[in-house]
$ cat upload.txt   # compact mmCIF, C-alpha atoms
# COMPACT_ATOMS: atom_id res chain seq x y z
CA ALA T 1 -1.02 0.29 -39.39
CA GLY T 2 -3.13 3.28 -38.38
CA SER T 3 -2.50 2.99 -34.63
CA LEU T 4 -1.39 0.38 -32.12
CA SER T 5 -2.91 -0.17 -28.67
CA VAL T 6 -2.13 -2.83 -26.04
CA LYS T 7 -4.09 -2.62 -22.77
CA THR T 8 -4.74 -4.78 -19.74
CA ASP T 9 -7.14 -3.99 -16.88
CA SER T 10 -7.13 -6.39 -13.95
CA LEU T 11 -9.00 -6.65 -10.65
CA MET T 12 -7.48 -9.14 -8.22
CA LYS T 13 -8.85 -9.82 -4.73
CA ALA T 14 -8.39 -12.29 -1.90
CA GLU T 15 -10.79 -11.66 0.99
CA THR T 16 -11.49 -13.62 4.17
CA THR T 17 -13.87 -12.52 6.91
CA LEU T 18 -14.50 -14.58 10.05
CA THR T 19 -17.37 -13.65 12.36
CA PRO T 20 -17.69 -16.20 15.18
CA SER T 21 -21.29 -16.82 16.26
CA ALA T 22 -22.53 -14.02 14.06
CA GLY T 23 -26.15 -14.79 14.90
CA GLY T 24 -25.58 -14.27 18.59
CA VAL T 25 -24.77 -16.53 21.56
CA SER T 26 -26.40 -16.55 24.97
CA THR T 27 -24.69 -18.96 27.34
CA GLY T 28 -22.99 -19.21 30.71
CA MET T 29 -19.62 -20.28 29.30
CA ILE T 30 -17.93 -20.27 25.89
CA ASN T 31 -14.38 -21.33 25.04
CA ILE T 32 -12.86 -20.53 21.65
CA LYS T 33 -9.32 -21.71 20.98
CA VAL T 34 -8.32 -19.85 17.80
CA ASN T 35 -10.02 -17.46 15.39
CA THR T 36 -7.91 -17.29 12.23
CA ALA T 37 -8.45 -15.33 9.01
CA THR T 38 -5.85 -15.50 6.22
CA ALA T 39 -5.83 -13.85 2.78
CA ILE T 40 -2.92 -14.35 0.35
CA LEU T 41 -2.78 -12.85 -3.13
CA SER T 42 0.04 -13.27 -5.66
CA ALA T 43 -0.65 -11.47 -8.92
CA THR T 44 1.08 -10.53 -12.19
CA ASN T 45 -0.25 -8.11 -14.79
CA SER T 46 1.53 -6.96 -17.94
CA ALA T 47 1.02 -5.16 -21.24
CA LYS T 48 3.94 -5.43 -23.65
CA ILE T 49 5.19 -5.02 -27.19
CA ASN T 50 8.19 -7.30 -27.73
CA GLY T 51 10.21 -8.39 -30.72
CA ALA T 52 13.08 -7.65 -33.06
CA GLY T 53 11.20 -6.31 -36.06
CA THR T 54 10.05 -2.93 -37.38
CA LEU T 55 6.58 -1.41 -37.03
CA THR T 56 5.57 1.54 -39.22
CA VAL T 57 2.52 2.91 -37.44
CA TYR T 58 1.28 6.18 -39.01
CA GLY T 59 -0.56 6.94 -35.79
CA ASP T 60 -0.40 6.62 -32.00
CA VAL T 61 1.13 3.79 -30.00
CA TYR T 62 -0.42 3.15 -26.59
CA VAL T 63 0.64 0.51 -24.04
CA GLU T 64 -1.12 0.45 -20.67
CA ALA T 65 -1.27 -1.96 -17.73
CA GLN T 66 -3.84 -1.04 -15.09
CA GLY T 67 -4.41 -3.14 -12.00
CA THR T 68 -6.12 -3.22 -8.62
CA ALA T 69 -5.02 -5.78 -6.04
CA LEU T 70 -6.44 -6.32 -2.55
CA ALA T 71 -5.68 -8.90 0.11
CA LYS T 72 -8.03 -8.50 3.10
CA ALA T 73 -8.32 -10.68 6.18
CA ALA T 74 -10.65 -9.82 9.06
CA THR T 75 -11.76 -11.47 12.28
CA ARG T 76 -14.80 -9.65 13.60
CA ASP T 77 -16.43 -9.44 17.03
CA PRO T 78 -19.16 -11.96 17.76
CA VAL T 79 -22.52 -10.77 19.01
CA LEU T 80 -22.44 -12.22 22.52
CA ASP T 81 -24.26 -12.15 25.83
CA VAL T 82 -22.23 -14.56 27.93
CA GLY T 83 -21.06 -15.22 31.43
CA ILE T 84 -17.52 -16.38 30.62
CA LEU T 85 -15.65 -15.96 27.35
CA THR T 86 -12.15 -17.31 26.76
CA ILE T 87 -10.42 -16.88 23.41
CA ALA T 88 -6.93 -18.34 23.05
CA ALA T 89 -6.02 -16.30 19.98
CA ASN T 90 -7.34 -14.00 17.28
CA VAL T 91 -5.08 -14.07 14.22
CA SER T 92 -5.52 -12.10 11.01
CA THR T 93 -2.96 -12.24 8.18
CA ALA T 94 -3.07 -10.50 4.79
CA THR T 95 -0.27 -10.86 2.24
CA LEU T 96 -0.10 -9.19 -1.16
CA ALA T 97 2.60 -9.78 -3.78
CA ALA T 98 1.91 -7.99 -7.06
CA VAL T 99 4.08 -7.27 -10.10
CA GLN T 100 2.81 -5.04 -12.91
CA THR T 101 4.65 -4.08 -16.10
CA ALA T 102 3.95 -1.97 -19.17
CA SER T 103 6.81 -2.05 -21.67
CA ILE T 104 8.16 -1.87 -25.20
CA ASN T 105 11.25 -4.00 -25.80
CA SER T 106 13.65 -4.37 -28.77
CA VAL T 107 11.24 -3.06 -31.41
CA THR T 108 11.87 -0.41 -34.08
CA LEU T 109 8.93 2.01 -34.28
CA THR T 110 8.74 4.50 -37.15
CA GLU T 111 6.22 7.11 -38.35
CA VAL T 112 4.69 7.30 -34.87
CA ASP T 113 2.60 10.28 -33.79
CA ASN T 114 2.32 10.04 -29.98
CA LEU T 115 3.74 7.13 -27.99
CA THR T 116 2.60 6.29 -24.44
CA VAL T 117 3.70 3.55 -22.04
CA LYS T 118 1.79 3.58 -18.76
CA SER T 119 1.55 1.40 -15.62
CA LEU T 120 -1.18 2.25 -13.09
CA PHE T 121 -1.27 0.07 -9.98
CA ASN T 122 -3.62 0.52 -7.01
CA VAL T 123 -4.19 4.16 -7.83
CA ASP T 124 -6.85 4.18 -5.12
CA GLN T 125 -4.52 4.27 -2.12
CA ASN T 126 -6.93 2.35 0.14
CA ASP T 127 -6.25 -0.93 -1.64
CA GLY T 128 -3.37 -3.22 -0.70
CA ALA T 129 -2.91 -5.61 2.22
CA LEU T 130 -5.44 -5.14 5.04
CA ALA T 131 -5.50 -7.22 8.23
CA ARG T 132 -8.19 -6.37 10.77
CA LEU T 133 -9.16 -7.67 14.20
CA GLY T 134 -12.46 -6.94 15.93
CA GLY T 135 -15.26 -4.49 15.37
CA ASN T 136 -18.49 -5.28 13.58
CA GLY T 137 -20.35 -2.02 14.14
CA THR T 138 -23.62 -3.76 14.99
CA ALA T 139 -24.29 -4.80 18.57
CA SER T 140 -22.67 -4.22 21.93
CA VAL T 141 -21.13 -6.99 23.99
CA SER T 142 -22.23 -7.77 27.53
CA ILE T 143 -19.71 -10.07 29.19
CA SER T 144 -19.03 -10.71 32.86
CA LEU T 145 -15.59 -12.25 32.23
CA ILE T 146 -13.54 -12.08 29.04
CA GLU T 147 -10.01 -13.34 28.51
CA VAL T 148 -8.25 -12.94 25.18
CA ARG T 149 -4.77 -14.35 25.41
CA ALA T 150 -3.41 -13.12 22.10
CA ASN T 151 -4.37 -10.83 19.23
CA ALA T 152 -2.19 -10.71 16.13
CA ALA T 153 -2.70 -8.88 12.84
CA THR T 154 -0.05 -8.87 10.13
CA ALA T 155 -0.37 -7.05 6.80
CA THR T 156 2.37 -7.32 4.17
CA ALA T 157 2.27 -5.55 0.81
CA ASN T 158 4.92 -6.17 -1.84
CA ALA T 159 4.15 -4.06 -4.90
CA SER T 160 6.09 -3.47 -8.11
CA SER T 161 5.03 -1.11 -10.90
CA THR T 162 7.19 -0.63 -14.00
CA ALA T 163 6.73 1.41 -17.18
CA SER T 164 9.66 1.14 -19.56
CA ILE T 165 11.03 1.30 -23.09
CA SER T 166 14.20 -0.68 -23.69
CA GLY T 167 16.41 -1.19 -26.74
CA SER T 168 13.83 0.26 -29.13
CA ALA T 169 14.68 2.70 -31.91
CA ILE T 170 11.80 5.20 -32.11
CA THR T 171 10.87 8.04 -34.41
CA ALA T 172 7.83 9.97 -33.13
CA SER T 173 6.53 13.31 -34.40
CA GLY T 174 4.61 13.94 -31.19
CA LEU T 175 4.98 13.33 -27.45
CA LEU T 176 6.71 10.27 -26.02
CA THR T 177 5.36 9.57 -22.52
CA ILE T 178 6.40 6.99 -19.95
CA VAL T 179 4.29 6.93 -16.76
CA SER T 180 4.42 4.73 -13.67
CA SER T 181 1.90 5.39 -10.90
CA GLY T 182 1.54 2.99 -7.98
CA THR T 183 0.77 2.40 -4.33
CA SER T 184 2.02 -0.03 -1.71
CA HIS T 185 -0.29 0.06 1.31
CA ALA T 186 -0.31 -2.22 4.35
CA LEU T 187 -2.78 -1.78 7.22
CA ALA T 188 -2.91 -3.88 10.39
CA THR T 189 -5.52 -2.78 12.87
CA VAL T 190 -7.56 -3.89 15.87
CA LYS T 191 -10.76 -2.24 16.96
CA GLN T 192 -12.22 -2.77 20.40
CA ALA T 193 -15.91 -3.50 20.65
CA ASN T 194 -18.40 -1.50 22.68
CA GLY T 195 -19.65 -3.17 25.83
CA THR T 196 -19.85 -3.57 29.58
CA LEU T 197 -17.20 -5.92 30.99
CA SER T 198 -16.65 -6.87 34.62
CA LEU T 199 -13.19 -8.30 33.93
CA ALA T 200 -11.16 -8.10 30.75
CA GLY T 201 -7.78 -9.78 30.43
CA ILE T 202 -5.80 -9.35 27.23
CA GLY T 203 -2.44 -11.10 27.04
CA ILE T 204 -0.72 -9.79 23.92
CA THR T 205 -1.79 -7.60 21.02
CA ASN T 206 0.65 -7.57 18.10
CA LEU T 207 0.09 -5.42 15.01
CA PHE T 208 2.60 -5.58 12.16
CA ALA T 209 2.35 -3.67 8.87
CA TYR T 210 4.98 -3.94 6.15
CA ALA T 211 4.71 -1.88 2.94
CA ASN T 212 7.37 -2.66 0.33
CA GLY T 213 7.37 -1.05 -3.08
CA THR T 214 9.52 -0.84 -6.22
CA PHE T 215 8.42 1.74 -8.77
CA THR T 216 10.16 2.40 -12.09
CA ALA T 217 9.76 4.62 -15.15
CA SER T 218 12.68 4.29 -17.56
CA LEU T 219 13.99 4.70 -21.10
CA ASP T 220 16.96 2.46 -21.93
CA THR T 221 18.70 3.66 -25.08
CA THR T 222 21.38 1.01 -25.36
CA GLY T 223 22.30 0.61 -29.03
CA VAL T 224 19.51 2.84 -30.40
CA THR T 225 18.41 6.40 -31.12
CA VAL T 226 15.08 7.71 -29.79
CA HIS T 227 13.61 10.83 -31.41
CA ALA T 228 10.39 12.63 -30.41
CA ASP T 229 8.98 16.13 -30.45
CA ALA T 230 9.03 16.06 -26.63
CA ILE T 231 9.62 13.42 -23.95
CA SER T 232 8.08 13.08 -20.50
CA ILE T 233 9.14 10.36 -18.04
CA SER T 234 7.30 10.40 -14.72
CA ASN T 235 7.01 8.17 -11.67
CA THR T 236 4.44 8.88 -8.96
CA TYR T 237 4.04 6.55 -5.99
CA HIS T 238 2.81 6.20 -2.41
CA ALA T 239 4.17 3.70 0.12
CA ARG T 240 2.36 3.55 3.46
CA ALA T 241 2.44 1.13 6.40
CA GLU T 242 -0.07 1.56 9.23
CA ALA T 243 -0.30 -0.42 12.48
CA LEU T 244 -3.25 1.09 14.33
CA ALA T 245 -4.89 -0.01 17.57
CA LEU T 246 -8.21 1.80 17.62
CA PRO T 247 -10.23 2.60 20.74
CA PRO T 248 -13.96 1.83 20.79
CA ASN T 249 -15.85 3.52 17.97
CA GLY T 250 -12.57 5.03 16.83
CA GLY T 251 -12.45 7.08 20.06
CA LEU T 252 -16.09 8.16 20.10
CA GLY T 253 -17.36 5.66 22.62
CA GLY T 254 -16.22 3.87 25.74
CA ILE T 255 -16.18 0.68 27.80
CA ASP T 256 -17.15 0.36 31.45
CA ILE T 257 -14.79 -2.15 33.05
CA SER T 258 -14.34 -3.09 36.70
CA GLY T 259 -10.98 -4.76 36.08
CA LEU T 260 -8.61 -4.59 33.12
CA ALA T 261 -5.25 -6.31 32.70
CA VAL T 262 -3.29 -5.80 29.50
CA LYS T 263 0.14 -7.41 29.47
CA LEU T 264 1.61 -6.07 26.24
CA ASN T 265 0.56 -4.04 23.20
CA ILE T 266 2.87 -3.84 20.17
CA ALA T 267 2.36 -1.83 16.98
CA THR T 268 5.05 -1.97 14.29
CA ALA T 269 4.90 -0.21 10.91
CA VAL T 270 7.73 -0.55 8.38
CA THR T 271 7.91 1.03 4.92
CA ASN T 272 10.60 0.22 2.35
CA SER T 273 10.35 1.91 -1.04
CA SER T 274 12.59 2.30 -4.07
CA ALA T 275 11.66 4.57 -6.98
CA THR T 276 13.49 5.62 -10.12
CA ALA T 277 12.73 7.70 -13.19
CA GLY T 278 15.32 8.23 -15.86
CA ILE T 279 17.18 7.65 -19.08
CA LEU T 280 20.02 5.15 -19.20
CA GLY T 281 22.12 3.29 -21.74
CA THR T 282 24.73 4.30 -24.29
CA GLY T 283 22.38 5.45 -27.05
CA THR T 284 21.02 8.85 -28.08
CA VAL T 285 17.86 10.77 -27.19
CA GLU T 286 16.75 13.65 -29.42
CA THR T 287 13.85 16.04 -28.85
CA THR T 288 12.63 19.03 -30.83
CA HIS T 289 11.24 20.56 -27.68
CA ASP T 290 11.31 19.76 -23.93
CA LEU T 291 12.57 16.70 -22.10
CA ALA T 292 11.32 16.15 -18.55
CA ILE T 293 12.14 13.46 -15.98
CA ARG T 294 10.27 13.56 -12.69
CA VAL T 295 9.78 11.23 -9.71
CA THR T 296 7.36 12.25 -6.96
CA GLY T 297 6.62 10.02 -4.00
CA THR T 298 5.56 9.64 -0.41
CA ALA T 299 6.84 7.10 2.10
CA HIS T 300 5.08 6.97 5.45
CA ALA T 301 4.93 4.64 8.44
CA ASP T 302 2.41 5.11 11.25
CA ALA T 303 2.25 2.99 14.42
CA GLN T 304 -0.37 3.98 16.98
CA ILE T 305 -1.63 2.68 20.29
CA PRO T 306 -3.94 5.56 21.22
CA SER T 307 -5.69 6.32 24.46
CA SER T 308 -8.93 4.48 25.14
CA MET T 309 -11.99 6.11 26.63
CA LEU T 310 -12.53 3.89 29.68
CA SER T 311 -14.29 4.02 33.02
CA VAL T 312 -12.18 1.60 35.05
CA SER T 313 -11.94 0.86 38.74
CA GLY T 314 -8.68 -1.05 38.36
CA VAL T 315 -6.34 -1.05 35.41
CA SER T 316 -2.96 -2.63 34.77
CA ILE T 317 -0.98 -2.24 31.57
CA VAL T 318 2.55 -3.64 31.50
CA ALA T 319 3.80 -2.06 28.26
CA ASN T 320 2.79 -0.26 25.08
CA VAL T 321 5.44 -0.35 22.33
CA ALA T 322 4.98 1.47 19.01
CA THR T 323 7.67 1.46 16.32
CA ALA T 324 7.61 3.16 12.91
CA THR T 325 10.41 2.84 10.36
CA VAL T 326 10.78 4.32 6.88
CA SER T 327 13.49 3.47 4.36
CA ALA T 328 13.04 5.30 1.05
CA SER T 329 15.31 5.49 -1.99
CA GLN T 330 14.35 7.78 -4.85
CA THR T 331 16.26 8.83 -7.98
CA ALA T 332 15.66 10.90 -11.11
CA SER T 333 18.63 10.63 -13.48
CA ILE T 334 20.27 10.50 -16.88
CA VAL T 335 23.09 7.96 -17.01
CA ASN T 336 25.52 7.49 -19.96
CA SER T 337 23.07 8.50 -22.71
CA THR T 338 23.70 11.29 -25.21
CA ILE T 339 20.98 13.95 -24.91
CA LYS T 340 20.11 16.44 -27.65
CA ALA T 341 17.19 18.50 -26.35
CA GLY T 342 15.80 21.34 -28.46
CA GLY T 343 13.92 22.79 -25.48
CA ASP T 344 14.16 22.73 -21.70
CA LEU T 345 15.75 19.81 -19.87
CA GLU T 346 14.23 19.03 -16.46
CA VAL T 347 15.30 16.32 -14.00
CA VAL T 348 13.40 16.49 -10.69
CA SER T 349 13.01 14.25 -7.62
CA ILE T 350 10.47 15.18 -4.92
CA LEU T 351 9.96 13.05 -1.79
CA ASN T 352 7.31 13.59 0.91
CA ARG T 353 6.27 17.05 -0.21
CA THR T 354 2.58 16.46 -0.78
CA ALA T 355 -0.52 16.54 1.41
CA ALA T 356 -0.37 12.75 1.75
CA VAL T 357 2.34 13.12 4.40
CA ASN T 358 2.10 15.65 7.19
CA MET T 359 5.60 17.06 7.38
CA SER T 360 4.98 18.31 10.93
CA THR T 361 5.00 14.67 12.08
CA GLY T 362 7.72 13.49 9.72
CA TRP T 363 7.95 10.40 7.58
CA ALA T 364 7.59 7.98 10.49
CA ARG T 365 5.24 8.40 13.44
CA ALA T 366 4.96 6.19 16.51
CA THR T 367 2.56 7.10 19.32
CA THR T 368 1.27 5.44 22.45
CA GLY T 369 -1.42 6.63 24.82
CA SER T 370 -2.61 6.07 28.33
CA THR T 371 -5.82 4.26 29.24
CA GLY T 372 -7.61 7.61 29.44
CA GLY T 373 -11.05 8.21 30.91
CA ASN T 374 -11.79 7.80 34.60
CA VAL T 375 -9.48 5.36 36.32
CA SER T 376 -9.41 4.66 40.03

$ encode --input "upload.txt" --output "structure tokens"
Amino acid sequence: AGSLSVKTDSLMKAETTLTPSAGGVSTGMINIKVNTATAILSATNSAKINGAGTLTVYGDVYVEAQGTALAKAATRDPVLDVGILTIAANVSTATLAAVQTASINSVTLTEVDNLTVKSLFNVDQNDGALARLGGNGTASVSISLIEVRANAATATANASSTASISGSAITASGLLTIVSSGTSHALATVKQANGTLSLAGIGITNLFAYANGTFTASLDTTGVTVHADAISISNTYHARAEALALPPNGGLGGIDISGLAVKLNIATAVTNSSATAGILGTGTVETTHDLAIRVTGTAHADAQIPSSMLSVSGVSIVANVATATVSASQTASIVNSTIKAGGDLEVVSILNRTAAVNMSTGWARATTGSTGGNVS
């Protein structure tokens, strides 16, 4: 064979958008029991070379799995001009479960030039699980009485990205590269509409964002010898959970309200990530030049209930509770293998040292604000 290439490129989406009465409603009374938007995506993507035989290539070997996965659920504001509006519940739920693998398993590869195994998952960090309540960016709302008893948005992202070579004897004259790059992103958000309200009563607003990620780049040498001019094993990932309650226009506008009663606002963001890059097994790795193992990642949780820009004659808020939690495990290692490196040997692990995470605020940030504006 002159060269060998195995590639997959997948785009997977589940999207639901609910806009009640999108054309507009003009009435003295409207009663809506439940607005529910749900998006669930379970996806698997893989590129593999498997077997127990021998391949003599006389060229490059390239294995790549590339995937984009998005689960998005949104309930949007209706365009209303009503006397009385009662909504029992707004519920938005987005769930993403994605597993992506690029691998070479139990194959003998000889006369190889360069060998690459690469998994790229949701490289654009804005993809993932997105659950949104409210906000259509079109018209204002004029309502003399509005009561929303419950708002709930839950976004859950479970992402796995693996690039690996296992149990494969390899002889390569060039560079052997194993790359895993992935993102687990969960966003739960509610955006208030613009409008003039004489009485607004909101019972409960719950925002939950869970970002879970497992990211792996590995070379398992059990029972084999791997030889290359140089070897690079790298794992780059981002895990981010955001539970954000946004004021009108993202803080640029305001609502005039004669009476406001908010019983409870909750924003919870939880990030759990595990990342490894390394060489393991009881075999041997030989390089003519350098051998580098590097894992670089960010793990961030952000829960916000910010101040609203309000002009309110009477306001009552029982509680605002924001919670952000980060649990991150990250390892770059060589375990049990025999290493014969003709050049430099580098094993590096870097966590939360990039611009993606503001170290002045730490890995986890939870903030709550007052009602703001003019309140009497």

$ closest_residue --input "upload.txt" --among "T:Asn50, T:Thr276, T:Ser180, T:Ser160" --to "Thr116 in chain T" --atoms "all atoms listed in the file"
T:Ser180

$ atom_distance --input "upload.txt" --atom1 "CA of Gly369 in chain T" --atom2 "CA of Ala303 in chain T"
11.6 Å

$ atom_distance --input "upload.txt" --atom1 "CA of Asn158 in chain T" --atom2 "CA of Ala301 in chain T"
14.9 Å

$ closest_residue --input "upload.txt" --among "T:Leu345, T:Ala157, T:Leu264, T:Ile350" --to "Ser232 in chain T" --atoms "only C-alpha atoms"
T:Leu345

$ closest_residue --input "upload.txt" --among "T:Ser10, T:Thr288, T:Ser42, T:Thr189" --to "Ser119 in chain T" --atoms "all atoms listed in the file"
T:Ser10

$ atom_distance --input "upload.txt" --atom1 "CA of Ala98 in chain T" --atom2 "CA of Ala69 in chain T"
7.3 Å

$ closest_residue --input "upload.txt" --among "T:Ile293, T:Ala243, T:Val91, T:Ala43" --to "Thr325 in chain T" --atoms "only C-alpha atoms"
T:Ala243

$ closest_residue --input "upload.txt" --among "T:Val190, T:Val6, T:Ile165, T:Ala228" --to "Thr110 in chain T" --atoms "only C-alpha atoms"
T:Ala228

$ residues_near_point --input "upload.txt" --point "(7.3, 6.6, -3.6)" --cutoff "9 Å" --atoms "all atoms listed in the file" --output "number ranges by chain"
T: 182-184, 213-215, 235-239, 273-275, 295-299, 328-330, 351-352

$ closest_residue --input "upload.txt" --among "T:Ala129, T:Ile178, T:Ala277, T:Ala52" --to "Arg240 in chain T" --atoms "all atoms listed in the file"
T:Ala129

$ residues_around --input "upload.txt" --residues "range 185-187 of chain T" --least-positions-apart "3" --cutoff "9 Å" --atoms "only C-alpha atoms" --output "short mmCIF file (atom, residue, chain, number, x, y, z; two decimals) with C-alpha atoms, in the coordinates of the input"
data_model
loop_
_atom_site.label_atom_id
_atom_site.label_comp_id
_atom_site.auth_asym_id
_atom_site.auth_seq_id
_atom_site.Cartn_x
_atom_site.Cartn_y
_atom_site.Cartn_z
CA ALA T 94 -3.07 -10.50 4.79
CA THR T 95 -0.27 -10.86 2.24
CA LEU T 96 -0.10 -9.19 -1.16
CA ASN T 122 -3.62 0.52 -7.01
CA GLN T 125 -4.52 4.27 -2.12
CA ASN T 126 -6.93 2.35 0.14
CA ASP T 127 -6.25 -0.93 -1.64
CA GLY T 128 -3.37 -3.22 -0.70
CA ALA T 129 -2.91 -5.61 2.22
CA LEU T 130 -5.44 -5.14 5.04
CA ALA T 131 -5.50 -7.22 8.23
CA ARG T 132 -8.19 -6.37 10.77
CA THR T 154 -0.05 -8.87 10.13
CA ALA T 155 -0.37 -7.05 6.80
CA THR T 156 2.37 -7.32 4.17
CA ALA T 157 2.27 -5.55 0.81
CA ASN T 158 4.92 -6.17 -1.84
CA ALA T 159 4.15 -4.06 -4.90
CA PHE T 208 2.60 -5.58 12.16
CA ALA T 209 2.35 -3.67 8.87
CA TYR T 210 4.98 -3.94 6.15
CA ALA T 211 4.71 -1.88 2.94
CA ASN T 212 7.37 -2.66 0.33
CA GLY T 213 7.37 -1.05 -3.08
CA HIS T 238 2.81 6.20 -2.41
CA ALA T 239 4.17 3.70 0.12
CA ARG T 240 2.36 3.55 3.46
CA ALA T 241 2.44 1.13 6.40
CA GLU T 242 -0.07 1.56 9.23
CA ALA T 243 -0.30 -0.42 12.48
CA LEU T 244 -3.25 1.09 14.33
CA ALA T 269 4.90 -0.21 10.91
CA THR T 271 7.91 1.03 4.92
#

$ axis_aligned_box --input "upload.txt" --around "range 277-282 of chain T" --padding-each-side "6 Å" --output "JSON"
{"center_x": 18.7, "center_y": 5.8, "center_z": -18.7, "size_x": 24.0, "size_y": 16.9, "size_z": 23.1}

$ residues_around --input "upload.txt" --residues "range 106-109 of chain T" --least-positions-apart "3" --cutoff "7 Å" --atoms "all atoms listed in the file" --output "mmCIF file with C-alpha atoms, in the coordinates of the input"
data_model
loop_
_atom_site.group_PDB
_atom_site.id
_atom_site.type_symbol
_atom_site.label_atom_id
_atom_site.label_comp_id
_atom_site.auth_asym_id
_atom_site.auth_seq_id
_atom_site.Cartn_x
_atom_site.Cartn_y
_atom_site.Cartn_z
ATOM 1 C CA ASN T 50 8.190 -7.300 -27.730
ATOM 2 C CA GLY T 51 10.210 -8.390 -30.720
ATOM 3 C CA ALA T 52 13.080 -7.650 -33.060
ATOM 4 C CA GLY T 53 11.200 -6.310 -36.060
ATOM 5 C CA THR T 54 10.050 -2.930 -37.380
ATOM 6 C CA LEU T 55 6.580 -1.410 -37.030
ATOM 7 C CA THR T 56 5.570 1.540 -39.220
ATOM 8 C CA VAL T 112 4.690 7.300 -34.870
ATOM 9 C CA SER T 166 14.200 -0.680 -23.690
ATOM 10 C CA GLY T 167 16.410 -1.190 -26.740
ATOM 11 C CA SER T 168 13.830 0.260 -29.130
ATOM 12 C CA ALA T 169 14.680 2.700 -31.910
ATOM 13 C CA ILE T 170 11.800 5.200 -32.110
ATOM 14 C CA THR T 171 10.870 8.040 -34.410
#

$ residues_near_point --input "upload.txt" --point "(-9.8, -3.3, -6.0)" --cutoff "7 Å" --atoms "all atoms listed in the file" --output "list in words"
Leu11, Met12, Lys13, Thr68, Ala69, Leu70 and Asp127 of chain T

$ residues_around --input "upload.txt" --residues "Ala14 in chain T" --least-positions-apart "5" --cutoff "8 Å" --atoms "only C-alpha atoms" --output "number ranges by chain"
T: 39-41, 70-72
